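Here is input_28.cif, consisting of mmCIF, C-alpha atoms:
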data_start
#
loop_
_atom_site.label_atom_id
_atom_site.label_comp_id
_atom_site.auth_asym_id
_atom_site.auth_seq_id
_atom_site.Cartn_x
_atom_site.Cartn_y
_atom_site.Cartn_z
CA MET A 1 96.17 57.87 75.59
CA SER A 2 93.07 58.98 77.45
CA ARG A 3 92.81 61.12 80.55
CA HIS A 4 90.68 60.38 83.57
CA LYS A 5 90.73 61.31 87.19
CA GLU A 6 92.06 59.25 90.05
CA HIS A 7 90.68 60.01 93.47
CA GLY A 8 89.90 58.43 96.76
CA HIS A 9 87.60 58.71 99.74
CA HIS A 10 88.91 58.60 103.28
CA GLU A 11 87.00 55.85 105.05
CA LEU A 12 85.22 58.33 107.35
CA TYR A 13 83.69 60.17 104.40
CA ALA A 14 83.17 57.57 101.69
CA ALA A 15 79.51 56.80 102.28
CA GLU A 16 78.33 60.38 102.60
CA GLY A 17 80.43 61.47 99.62
CA SER A 18 78.55 59.12 97.28
CA ARG A 19 75.06 60.51 97.82
CA LYS A 20 74.91 62.83 94.82
CA THR A 21 76.13 61.13 91.69
CA ARG A 22 75.73 61.43 87.98
CA ALA A 23 77.59 60.03 85.01
CA HIS A 24 81.21 61.13 85.05
CA THR A 25 84.60 59.95 83.88
CA PRO A 26 85.96 56.64 85.24
CA VAL A 27 87.61 56.92 88.63
CA ASP A 28 89.75 54.85 90.94
CA HIS A 29 88.18 54.75 94.40
CA ARG A 30 91.23 53.85 96.44
CA ASP A 31 90.94 55.26 99.95
CA GLY A 32 92.52 58.67 100.28
CA GLY A 33 93.67 59.11 96.70
CA PRO A 34 97.02 59.66 94.98
CA ALA A 35 99.88 61.76 96.27
CA LEU A 36 99.94 65.26 94.78
CA THR A 37 103.31 66.75 93.89
CA LEU A 38 103.09 70.54 93.99
CA HIS A 39 104.76 73.06 91.73
CA ALA A 40 105.21 76.82 92.03
CA GLY A 41 104.95 79.18 89.08
CA SER A 42 103.02 81.85 87.24
CA THR A 43 100.55 79.32 85.77
CA GLU A 44 99.98 77.31 88.96
CA TRP A 45 96.49 78.57 89.85
CA ALA A 46 94.37 77.12 92.64
CA ALA A 47 91.00 77.93 94.12
CA VAL A 48 91.30 77.83 97.90
CA GLU A 49 88.29 77.46 100.16
CA LEU A 50 88.48 77.51 103.93
CA ILE A 51 85.28 76.97 105.87
CA HIS A 52 84.49 76.89 109.56
CA VAL A 53 81.84 74.34 110.47
CA ARG A 54 79.82 73.65 113.56
CA ALA A 55 80.63 70.58 115.62
CA ASP A 56 80.21 67.24 113.83
CA ARG A 57 79.62 68.86 110.42
CA ALA A 58 83.09 68.30 108.92
CA PRO A 59 82.12 64.98 107.24
CA ALA A 60 79.16 66.65 105.49
CA ALA A 61 81.38 69.50 104.30
CA VAL A 62 83.98 67.07 102.93
CA ALA A 63 81.31 65.02 101.15
CA ALA A 64 79.79 68.11 99.54
CA SER A 65 83.18 69.32 98.31
CA GLN A 66 84.02 65.88 96.91
CA THR A 67 80.76 65.79 94.97
CA LEU A 68 81.15 69.32 93.66
CA ILE A 69 84.72 68.71 92.47
CA GLU A 70 83.67 65.61 90.54
CA LEU A 71 80.75 67.42 88.93
CA LEU A 72 82.87 70.46 88.09
CA ASP A 73 85.33 68.23 86.29
CA LYS A 74 82.66 67.81 83.60
CA GLU A 75 82.67 71.57 82.93
CA VAL A 76 86.16 72.87 83.68
CA ASP A 77 89.66 71.46 83.63
CA VAL A 78 90.20 70.42 87.24
CA ARG A 79 93.89 69.62 87.23
CA SER A 80 93.90 68.18 90.75
CA ALA A 81 92.33 68.78 94.14
CA ALA A 82 92.85 68.10 97.82
CA ILE A 83 90.68 68.33 100.92
CA PHE A 84 92.03 68.75 104.45
CA VAL A 85 90.21 68.49 107.79
CA SER A 86 91.49 70.05 111.00
CA LYS A 87 92.33 67.94 114.02
CA HIS A 88 89.35 69.27 115.95
CA GLN A 89 86.96 68.78 113.01
CA ARG A 90 86.00 72.45 112.90
CA ARG A 91 87.80 73.52 109.71
CA VAL A 92 87.75 72.10 106.18
CA ALA A 93 90.24 73.38 103.61
CA THR A 94 89.78 72.59 99.91
CA PHE A 95 92.34 73.26 97.17
CA VAL A 96 91.35 72.93 93.51
CA TRP A 97 94.04 73.42 90.86
CA LEU A 98 92.68 75.10 87.72
CA THR A 99 93.99 76.59 84.47
CA GLY A 100 93.15 80.19 85.35
CA HIS A 101 90.55 82.90 85.95
CA GLU A 102 87.93 81.68 83.49
CA ASP A 103 87.69 78.28 85.12
CA TYR A 104 87.72 79.92 88.54
CA SER A 105 84.70 82.04 87.58
CA LYS A 106 82.79 78.91 86.59
CA LEU A 107 83.85 77.16 89.78
CA GLN A 108 82.87 80.15 91.89
CA HIS A 109 79.40 80.30 90.35
CA ALA A 110 78.80 76.60 90.87
CA TRP A 111 80.24 76.69 94.37
CA ASP A 112 78.05 79.63 95.34
CA GLU A 113 74.92 77.80 94.18
CA HIS A 114 76.02 74.65 95.94
CA HIS A 115 76.68 76.44 99.21
CA LEU A 116 73.33 78.20 99.13
CA GLU A 117 71.50 74.88 99.22
CA ARG A 118 73.72 73.38 101.88
CA GLU A 119 73.97 76.47 104.09
CA HIS A 120 71.56 75.21 106.72
CA ARG A 121 72.24 71.53 106.21
CA GLU A 122 75.91 71.80 107.06
CA ALA A 123 75.74 74.76 109.43
CA VAL A 124 78.74 76.51 107.91
CA GLU A 125 79.82 79.27 110.27
CA LYS A 126 82.27 81.07 107.98
CA ARG A 127 83.53 80.64 104.44
CA ASP A 128 86.38 82.09 102.43
CA LEU A 129 86.97 81.36 98.74
CA SER A 130 89.68 82.93 96.60
CA ILE A 131 91.86 82.31 93.58
CA CYS A 132 95.52 81.98 94.40
CA ARG A 133 98.81 81.28 92.70
CA VAL A 134 101.25 78.73 94.10
CA SER A 135 104.03 81.26 94.44
CA ALA A 136 106.77 79.60 96.50
CA MET A 137 107.74 76.28 98.04
CA ALA A 138 110.35 74.75 100.32
CA GLY A 139 111.23 71.15 101.10
CA ASP A 140 108.64 68.53 100.12
CA PRO A 141 105.05 69.82 100.49
CA ALA A 142 103.54 66.81 98.70
CA ILE A 143 99.95 66.10 99.73
CA GLN A 144 99.24 62.46 100.53
CA PRO A 145 96.36 61.13 102.63
CA GLY A 146 97.28 58.54 105.21
CA THR A 147 100.77 59.77 106.03
CA HIS A 148 101.82 60.35 109.62
CA THR A 149 103.04 63.90 109.11
CA VAL A 150 100.96 66.87 110.23
CA TRP A 151 99.98 70.02 108.32
CA ALA A 152 99.31 73.54 109.47
CA ILE A 153 97.24 75.78 107.16
CA GLU A 154 97.23 79.46 108.00
CA LYS A 155 95.52 82.39 106.33
CA LEU A 156 97.89 85.34 106.56
CA PRO A 157 96.95 89.00 105.90
CA LEU A 158 100.11 89.29 103.80
CA ASN A 159 100.80 89.25 100.08
CA ALA A 160 102.72 86.32 98.62
CA SER A 161 106.17 87.90 98.83
CA ARG A 162 105.73 88.83 102.47
CA ALA A 163 104.29 85.44 103.37
CA ALA A 164 107.29 83.80 101.71
CA GLU A 165 109.44 85.28 104.50
CA ALA A 166 108.37 82.20 106.46
CA LEU A 167 110.20 80.02 103.95
CA LYS A 168 113.33 82.13 104.29
CA VAL A 169 113.19 81.67 108.06
CA ILE A 170 112.94 77.91 107.58
CA GLU A 171 115.86 77.86 105.15
CA ARG A 172 118.04 79.82 107.57
CA SER A 173 117.09 78.07 110.81
CA ARG A 174 116.53 74.51 109.52
CA PRO A 175 113.98 73.70 112.26
CA ALA A 176 113.66 70.15 113.55
CA GLY A 177 110.96 68.04 111.95
CA PHE A 178 110.37 70.25 108.93
CA VAL A 179 109.11 68.40 105.84
CA GLY A 180 107.80 71.00 103.39
CA ALA A 181 105.92 74.28 102.94
CA VAL A 182 103.97 76.07 100.22
CA ILE A 183 102.63 79.59 99.73
CA PHE A 184 99.30 80.22 97.98
CA GLY A 185 99.22 83.95 97.24
CA ALA A 186 95.77 85.47 96.61
CA ASP A 187 95.49 87.06 93.18
CA ASP A 188 94.31 90.38 94.63
CA GLY A 189 97.31 90.59 96.97
CA THR A 190 95.23 90.92 100.13
CA HIS A 191 96.20 87.65 101.78
CA SER A 192 98.03 84.36 101.41
CA TYR A 193 97.76 80.82 102.68
CA LEU A 194 100.77 79.15 104.23
CA GLY A 195 100.64 75.36 104.27
CA HIS A 196 103.49 73.73 106.17
CA ARG A 197 104.13 70.06 106.80
CA TRP A 198 105.99 68.61 109.79
CA GLU A 199 106.91 65.28 111.32
CA HIS A 200 105.23 66.01 114.65
CA LYS A 201 102.91 68.65 116.10
CA GLU A 202 105.60 69.68 118.57
CA ASN A 203 107.79 70.69 115.61
CA VAL A 204 105.02 72.96 114.27
CA GLU A 205 104.49 74.59 117.63
CA ALA A 206 108.21 75.18 118.19
CA PHE A 207 108.60 76.84 114.81
CA ARG A 208 105.52 79.07 115.05
CA GLU A 209 106.40 80.15 118.58
CA SER A 210 109.97 81.04 117.60
CA ALA A 211 110.87 84.71 117.62
CA THR A 212 112.05 84.62 114.01
CA ALA A 213 108.77 83.15 112.71
CA VAL A 214 106.66 85.58 114.73
CA GLN A 215 108.72 88.49 113.46
CA ALA A 216 108.41 87.32 109.84
CA ILE A 217 104.68 86.51 109.61
CA GLY A 218 103.11 87.32 112.96
CA PRO A 219 101.97 85.10 115.83
CA ALA A 220 99.97 81.96 115.16
CA GLY A 221 96.26 82.30 115.76
CA ARG A 222 96.28 86.07 115.21
CA THR A 223 96.88 86.10 111.48
CA GLY A 224 93.48 85.40 109.95
CA ASP A 225 91.88 82.11 110.89
CA ALA A 226 92.81 80.18 113.98
CA PHE A 227 96.00 78.14 113.76
CA GLU A 228 95.08 74.45 113.68
CA LEU A 229 96.68 71.20 112.60
CA TYR A 230 95.23 69.42 109.57
CA GLN A 231 95.35 66.10 107.79
CA PRO A 232 94.70 65.59 104.06
CA VAL A 233 91.76 63.19 103.76
CA TRP A 234 91.07 63.12 100.01
CA THR A 235 92.86 63.86 96.75
CA PHE A 236 91.86 63.93 93.10
CA ALA A 237 94.28 63.96 90.15
CA PRO A 238 94.66 63.11 86.46
CA VAL A 239 96.19 59.80 85.50
CA ALA A 240 97.06 58.42 82.08
CA THR A 241 95.64 55.15 80.80
#
Final structure tokens representation of the file:
Amino acid sequence: MSRHKEHGHHELYAAEGSRKTRAHTPVDHRDGGPALTLHAGSTEWAAVELIHVRADRAPAAVAASQTLIELLDKEVDVRSAAIFVSKHQRRVATFVWLTGHEDYSKLQHAWDEHHLEREHREAVEKRDLSICRVSAMAGDPAIQPGTHTVWAIEKLPLNASRAAEALKVIERSRPAGFVGAVIFGADDGTHSYLGHRWEHKENVEAFRESATAVQAIGPAGRTGDAFELYQPVWTFAPVAT
């Protein structure tokens, strides 16, 4: 049994994502890519990058991240990856699942070099990169391009245990339209990412504007980066042949 990566390109980004290529493991180029089933635990490490881009630069940012992930897979064990783009095309969120700190250090070095050369080309306004642990989940936070659900991705100035209060609120209140949620807790304890998936944008807004959610994790749009809705556009994962 051999191991290769399955991934896909959303149709908006396929052409630009293929500019930089070199020999790599065989891949399946189905649009979007496979569904990623998430797991929480002490060994579930992920590098999380959130960048703010100037208008019309989201496709270039997605293409650069796609290329880098494929090239990194030659050097480190990239277990899986996902790229999200915000509704207004001003945020790109990338999640890369790794085996731990050593691989993260290699990824960080390569990512830093890559961003230096693309700094002006893509007009990145702001960038945040950190190693996180998938610390808690609720419902079904599977990542699958092409679905009609909506995602919210928030950076919270809370450690993982405090951010997980949002999941407790969901479990108690059972809000309409909830599909799944996941907490990525930064290793240094300074912040967390809350990814939550809903049937409709109105469901997200109702939950985040509720008094219980605001009390648990603060108001949307005031806890780190602006609160925006996202769609997963590309995934990358191991498959057996």
Which residues fall under the PyMOL selection byres ((chain A and resi 142) around 6) in this file, as a PDB file with C-alpha atoms, in the coordinates of the input?
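Produced file part.pdb, reproduced below:
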ATOM      1  CA  LEU A  36      99.940  65.260  94.780  1.00  0.00           C
ATOM      2  CA  THR A  37     103.310  66.750  93.890  1.00  0.00           C
ATOM      3  CA  ASP A 140     108.640  68.530 100.120  1.00  0.00           C
ATOM      4  CA  PRO A 141     105.050  69.820 100.490  1.00  0.00           C
ATOM      5  CA  ILE A 143      99.950  66.100  99.730  1.00  0.00           C
TER       6      ILE A 143
END
Pairwise distance for CA of Thr235 in chain A and CA of Lys168 in chain A, rounded to one decimal in Å: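 Straight-line distance from CA of Thr235 in chain A to CA of Lys168 in chain A works out to 28.5 Å.
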Check the smallest atom-to-atom distance from each of A:Gly189, A:Leu50, A:Gln215, A:Val182 to Thr94 in chain A using all atoms listed in the file, then report the winner.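 Of all the options, A:Leu50 lies closest to Thr94 in chain A.
Once the PyMOL selection byres ((chain A and resi 82) around 10) is applied to the shown structure, the selection contains His7, Gly32, Gly33, Pro34, Ala35, Leu36, Val48, Ser65, Gln66, Ile69, Ser80, Ala81, Ile83, Phe84, Ala93, Thr94, Phe95, Val96, Trp97, Ile143, Gln144, Pro145, Pro232, Val233, Trp234, Thr235, Phe236 and Ala237 of chain A.
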Applying 10 Å and all atoms listed in the file, which residues near Lys201 in chain A remain after dropping the ones on its own chain fewer than 4 positions away? List them as a PyMOL selection string. chain A and resi 149-152+177+197+205-206+229
Given the PyMOL selection byres ((chain A and resi 61) around 9), the residues it picks as a PyMOL selection string: chain A and resi 51+53+57-60+62-66+92+118+122+124
